[in-house]
Amino acid sequence: MASKRSRVPLIIAIIVVIAVVAAGLGYYYYTSKPSPAPTTPTTPKIEKVVIGIVQPLTGNYAIFGQEAVNAAKLVVDIINNELGGVRSLGGAKLDIVVEDAGTSPESARLATEKLISEYHVPIIYGAYISRFTLAMGTVTEQNKVILVTDALVDDLSQQGWMYFFRVAPKASSHGVSAVDFVLDEAKAHNVTIRTAVIINEDSIFGTTVSNGAHLELIKNGVEVLAHISYPYDITDMSPIVDQIKRLNPDIIIAIPYFSDGVLFAKTAKAAGLNPVFIAGAGACGFTDPDSIKAAGDAVLYYTNTYSYNPAKPTDWNQKLVNEFETRYGKMPTEAAGEMFYSIFTIYEALEKAGQMFPNDPLNPDNLRQAFLSLDLNESNSIAAQLYPTGRIKFAPNGDNLYAGTAVLQVQLINGTLTSVVVWPQPQAGVQAIFPRPGT
Amino acid sequence: MTPLDLLVAAGQQVIDGVFLGLFYAIVASGLALIFGVMDIINFAHGDLIMISAYFTWLLSMTLNLDPLFSMLLTLPILFLIGLGIQKGLINPVLGKEPLIQIAVTVGLGFVLQNIALGYFKAEPKGYPAPLFSGGFSLGPFVIYESKLVSAVVSLVVLILLSRFLAKTKLGLAMRAVTDDRASAMLMGINVGRVYLLTFAIGMVLIGVAAGLWMEMGQVTPYLGTSFSLVSWVAVALAGLGSIQGLIISAIIIGVAQSLGSLISPSIQMAVVYLIFFFILWFKPRGLFARR
C-alpha cells in the first residue's frame, strides 16, 4: 500500500515532463514553419463538392422524397455537364449522396449524422418534412454544416440556427396566399365572401399553414365557421364533409397532405358540396398530376398554393421543366421545384464562396457568409429564374426575404384536366375560373 | 347548433358509421377466418389488402372497368396467390413459436410494401370516375352511393360466407378445425387441406375488401396499416367464431369512429379504442366468442 502511494508523485512528474516536452516541440515546429508569402488570391482546386441529401424515400412521405431526388440528379447533371461545375472552385463538380430520412425524426437525424461522419459533407439538403428537418438541424448546427431546407414550417427559422437557409416560402405564407388569392378574385368578380371553413391535416405543417390562413381570413373580416383538423391517413372523409355541408360556408380553405385531398374531393363531389370556392394551400394535393389522375373531375376548379411555378416563362425554368418531363415522364411539382432552385442557390453560393474565400471556400463560416451575401435576381442568377418571385436574398435567420408562392388551378383545357398557374400572374392565355361554376 | 341540428348531425354519423362498419366487417373477415381456423395472426393482412387494391386499380385502368367489376377478375388470381402464400410461407411456420409466425407475416407485409413502393411509387392511385361516385338526399341525410354499395356488397358476401361455413362440407370442416383441431384430425378431416383453402378463401375476402375500397378511395403503399389496425380491433372485439358477431363489432367500430369525428376527426380512432377497452373490460374474450 505504502509503495503504491509513493509511486503517484513519480507518475505525475513523468506526465508533466512529457506534456512540457510535447508542448515545446509543438511550439518549435509551429514557429519554425516559414510564413506563407503574400500572394494574390488564386482559384482553389477542388475536384468535387459533395452535397448530402436527406429525403423521405420510404413511408407515407416517399412521394415527395422520390420526386426531389429525381430533380437533384437532373440539376447536378446540368451543373456538371453544361455549366462546367463550380468555376470559382476550379470547375469542381457537384456530387450528391442521398440518404433516406425514413419515417421518423430519429431516422432523419441518423441519416444526417451518417452524411457528416462518413462523407464529411459541407452542405446538406432536406428533409421536406418539418419535424424531420427539426431533428436534422440540431445535428447540422452542432457540426457547423450548412442546412438548406425544403421544409416549410415557420418555426425552423426561429431556432437561432446559424447555418440554416431556406429559399422556399414558409408554411404560414401558403395559407396567407390562398386567402389573398380567393379574396382578390372575389373582389375582381364582385363576389362577397362572408364565411369560411378551414380543414387541415393535423401535422405541424398543416397546422401552421392553416393558422396562416385563419389569421388572414380574420384580418379581412371573414368569419371562420369551423377549423377542422384530421389525421393525414384518414380513410373516411364523410363526417367532415357532412359537417361542412351543414355549416354552408362561402369558401373552404383546405390543407391536405395528398391522399386525403383526393378523398376529400371525391367525398365532397358525392355529397354535392359546392361552395363559392374551394382553395387548397400548402402545395400538397388537388392540383398535382397524380391527384388529378386519382380524383378525376372531382378536383375540377380546385386550387393550391405552390412554392414553385412550373409555368414561369423564363428560359431556365422552361428548360428544367422540359428536361424533367422528358427524363421522368411527369411535370415537376412542389418537391422537384424546391430542389431546382435550392440546388442552384447552393451552386451560386459555392461560386460566391470561391470568389470571397479562395483559400478556404468550404469552411462553414465562409460558406455562411457566401450564402448571406447572395442577392439574386433573374438577370444575374439561374436560381432566381426558377423562383416564383424572381428574387432570392437571405435574412440573418436564413429565410428568403423575397419568398412568394404561385396558385395553380385545375381547369378543363381541350377536354383534359390540366393544372395551370392563375395567380399572382396567370400564365399566358389563362385566367382563374372564379367562382366555381354552378354556385 | 339547435338540438334538432345536433340530432340530424348525429343521425348522419350513425348512417355513415353503419355503412363504414359493414365495410370494416369485410375488411376484417379474412383476418378473422385465417386466425380462427389456422390460429395464426396474419400481420400482413392490411398489406395484402393494399396489394390487392393495386391489382384492382391496375385492371380497372387497363380495361377501363369500374373497380366493382375488375375486382371480380382479381378474385381467382388472389385465390391462387393465397394458395401459394399458404404453401410457401405460412405452412412451414404453423405450430411454431409465435415469434417466428409474427416475423414471417410482418416480413411479408414489409416485402409487399416495398414491392408496391418500387413498382407503383408512392403516389396515390385511384380510379378517377367510379360508377358509384355520387350521392343522394334521404330527408335531412346524405347517402353516399359508394358507401351504400360497399355496405350492401359486404353484407351479401358475409351472409354467403356464413352460409358456406354452416352448410358446406368444407365450411363445416373449417369450423371443426376452429373448435378443436386435434378432434377434427381424429375425425378424418384433412387439416392441411383445410388450412390451404382457408388462406385462399381469406385472400378472396381480402380481394373483395380491396375492390370495394377502390370504389371509394385510393391506394398507396402504406394503406395497409390503417386496415390492419381496424381489423385486429374488430376481430378482438367480436371474439372468434361468429360472422354475425364480427358484423356487429365492426358496426360498433364504424359508428364510434363516425360519432367520434363529431368531437374531432383527429381523435376519432381514440374514441374507437376507448370503447374497445371498455367492452373488453367486461367481456375479455370478445362480445361473441364461441371459444
# chains A, B, ... in the order shown; residues from 1 in each chain; ligands from 1
call {"tool": "residues_around", "arguments": {"residues": "Gly245 in chain B", "least_positions_apart": "2", "cutoff": "12 Å", "atoms": "only C-alpha atoms", "output": "PyMOL selection string"}}
result
chain B and resi 22+25+28-29+32+158+162+234-243+247-252+286-290
call {"tool": "write_last_selection", "arguments": {"atoms": "N, CA, C and O atoms", "output": "tab-separated table (two decimals), in the first residue's frame"}}
result
chain	number	residue	atom	x	y	z
B	22	LEU	N	-69.98	-1.90	-41.90
B	22	LEU	CA	-70.18	-3.08	-42.76
B	22	LEU	C	-68.97	-3.29	-43.67
B	22	LEU	O	-68.55	-4.42	-43.93
B	25	ALA	N	-66.30	-4.80	-41.68
B	25	ALA	CA	-66.56	-6.22	-41.43
B	25	ALA	C	-65.95	-7.08	-42.54
B	25	ALA	O	-65.32	-8.12	-42.26
B	28	ALA	N	-62.19	-7.07	-42.17
B	28	ALA	CA	-61.67	-7.91	-41.08
B	28	ALA	C	-61.96	-9.39	-41.28
B	28	ALA	O	-61.36	-10.24	-40.62
B	29	SER	N	-62.87	-9.71	-42.21
B	29	SER	CA	-63.33	-11.10	-42.30
B	29	SER	C	-62.20	-12.07	-42.68
B	29	SER	O	-62.12	-13.18	-42.15
B	32	ALA	N	-60.14	-12.68	-39.62
B	32	ALA	CA	-60.88	-13.50	-38.65
B	32	ALA	C	-60.89	-14.96	-39.07
B	32	ALA	O	-60.68	-15.86	-38.24
B	158	LEU	N	-70.75	-11.48	-46.71
B	158	LEU	CA	-70.63	-12.07	-45.38
B	158	LEU	C	-71.76	-13.06	-45.10
B	158	LEU	O	-71.54	-14.08	-44.42
B	162	SER	N	-71.22	-16.91	-44.27
B	162	SER	CA	-71.86	-17.55	-43.13
B	162	SER	C	-72.58	-18.84	-43.56
B	162	SER	O	-72.47	-19.89	-42.90
B	234	ALA	N	-61.58	-5.18	-34.69
B	234	ALA	CA	-62.88	-5.80	-34.97
B	234	ALA	C	-62.88	-7.27	-34.55
B	234	ALA	O	-63.84	-7.76	-33.93
B	235	VAL	N	-61.80	-7.99	-34.88
B	235	VAL	CA	-61.73	-9.42	-34.55
B	235	VAL	C	-61.67	-9.61	-33.03
B	235	VAL	O	-62.37	-10.46	-32.47
B	236	ALA	N	-60.86	-8.77	-32.37
B	236	ALA	CA	-60.74	-8.91	-30.91
B	236	ALA	C	-62.06	-8.57	-30.22
B	236	ALA	O	-62.44	-9.20	-29.24
B	237	LEU	N	-62.74	-7.55	-30.73
B	237	LEU	CA	-64.00	-7.14	-30.13
B	237	LEU	C	-65.08	-8.21	-30.31
B	237	LEU	O	-65.87	-8.48	-29.40
B	238	ALA	N	-65.06	-8.84	-31.49
B	238	ALA	CA	-66.09	-9.85	-31.76
B	238	ALA	C	-65.80	-11.15	-31.02
B	238	ALA	O	-66.72	-11.83	-30.55
B	239	GLY	N	-64.54	-11.47	-30.89
B	239	GLY	CA	-64.19	-12.80	-30.39
B	239	GLY	C	-64.30	-13.77	-31.56
B	239	GLY	O	-64.88	-13.44	-32.60
B	240	LEU	N	-63.76	-14.97	-31.38
B	240	LEU	CA	-63.72	-15.89	-32.52
B	240	LEU	C	-65.00	-16.70	-32.64
B	240	LEU	O	-65.62	-17.05	-31.64
B	241	GLY	N	-65.40	-16.97	-33.88
B	241	GLY	CA	-66.42	-17.96	-34.09
B	241	GLY	C	-67.76	-17.52	-34.60
B	241	GLY	O	-68.64	-18.34	-34.74
B	242	SER	N	-67.92	-16.23	-34.88
B	242	SER	CA	-69.25	-15.81	-35.31
B	242	SER	C	-69.15	-14.68	-36.34
B	242	SER	O	-68.60	-13.61	-36.04
B	243	ILE	N	-69.69	-14.95	-37.53
B	243	ILE	CA	-69.71	-13.92	-38.57
B	243	ILE	C	-70.63	-12.78	-38.13
B	243	ILE	O	-70.30	-11.61	-38.29
B	247	ILE	N	-69.78	-8.79	-37.71
B	247	ILE	CA	-70.52	-7.68	-38.35
B	247	ILE	C	-70.93	-6.66	-37.29
B	247	ILE	O	-70.71	-5.45	-37.47
B	248	ILE	N	-71.47	-7.14	-36.19
B	248	ILE	CA	-71.93	-6.20	-35.14
B	248	ILE	C	-70.75	-5.43	-34.55
B	248	ILE	O	-70.82	-4.21	-34.38
B	249	SER	N	-69.66	-6.13	-34.30
B	249	SER	CA	-68.48	-5.45	-33.74
B	249	SER	C	-67.95	-4.40	-34.71
B	249	SER	O	-67.57	-3.29	-34.31
B	250	ALA	N	-67.90	-4.74	-35.99
B	250	ALA	CA	-67.39	-3.79	-36.99
B	250	ALA	C	-68.32	-2.57	-37.08
B	250	ALA	O	-67.85	-1.44	-37.24
B	251	ILE	N	-69.62	-2.81	-36.95
B	251	ILE	CA	-70.56	-1.67	-36.97
B	251	ILE	C	-70.34	-0.78	-35.74
B	251	ILE	O	-70.36	0.45	-35.84
B	252	ILE	N	-70.10	-1.41	-34.59
B	252	ILE	CA	-69.80	-0.61	-33.39
B	252	ILE	C	-68.58	0.28	-33.65
B	252	ILE	O	-68.58	1.48	-33.34
B	286	GLY	N	-64.12	-11.13	-25.93
B	286	GLY	CA	-64.85	-10.58	-27.06
B	286	GLY	C	-66.34	-10.73	-26.85
B	286	GLY	O	-66.79	-11.54	-26.03
B	287	LEU	N	-67.11	-9.97	-27.61
B	287	LEU	CA	-68.55	-9.93	-27.41
B	287	LEU	C	-69.24	-11.23	-27.79
B	287	LEU	O	-70.23	-11.62	-27.18
B	288	PHE	N	-68.73	-11.93	-28.82
B	288	PHE	CA	-69.48	-13.06	-29.35
B	288	PHE	C	-68.62	-14.32	-29.48
B	288	PHE	O	-68.83	-15.13	-30.39
B	289	ALA	N	-67.65	-14.47	-28.58
B	289	ALA	CA	-66.72	-15.59	-28.71
B	289	ALA	C	-67.44	-16.93	-28.51
B	289	ALA	O	-68.25	-17.08	-27.60
B	290	ARG	N	-67.13	-17.89	-29.40
B	290	ARG	CA	-67.69	-19.24	-29.23
B	290	ARG	C	-66.74	-20.10	-28.43
B	290	ARG	O	-67.08	-21.15	-27.95
call {"tool": "interface_residues", "arguments": {"of": "chain B", "to": "chain A", "cutoff": "8 Å", "atoms": "only C-alpha atoms", "output": "ChimeraX atom specification"}}
result
/B:9,12-13,16,117,121-129,133-136,142-145,217-218,220-222,226,258,261-262,264-266
call {"tool": "residues_around", "arguments": {"residues": "Asp288 in chain A", "least_positions_apart": "6", "cutoff": "9 Å", "atoms": "only C-alpha atoms", "output": "PyMOL selection string"}}
result
chain A and resi 304+331-334+408+410+419
call {"tool": "atom_distance", "arguments": {"atom1": "CA of Ala209 in chain B", "atom2": "CA of Leu223 in chain B"}}
result
12.5 Å
call {"tool": "residues_around", "arguments": {"residues": "Ile198 in chain A", "least_positions_apart": "3", "cutoff": "9 Å", "atoms": "only C-alpha atoms", "output": "PyMOL selection string"}}
result
chain A and resi 210+213-214+224-229+251-255
call {"tool": "select_by_dssp", "arguments": {"residues": "range 8-194 of chain B", "states": "helix (DSSP H, G or I)", "output": "number ranges by chain"}}
result
B: 8-38, 45-63, 67-93, 98-120, 145-167, 169-179, 181-186, 191-194
call {"tool": "atom_distance", "arguments": {"atom1": "CA of Ile34 in chain B", "atom2": "CA of Leu72 in chain B"}}
result
21.3 Å
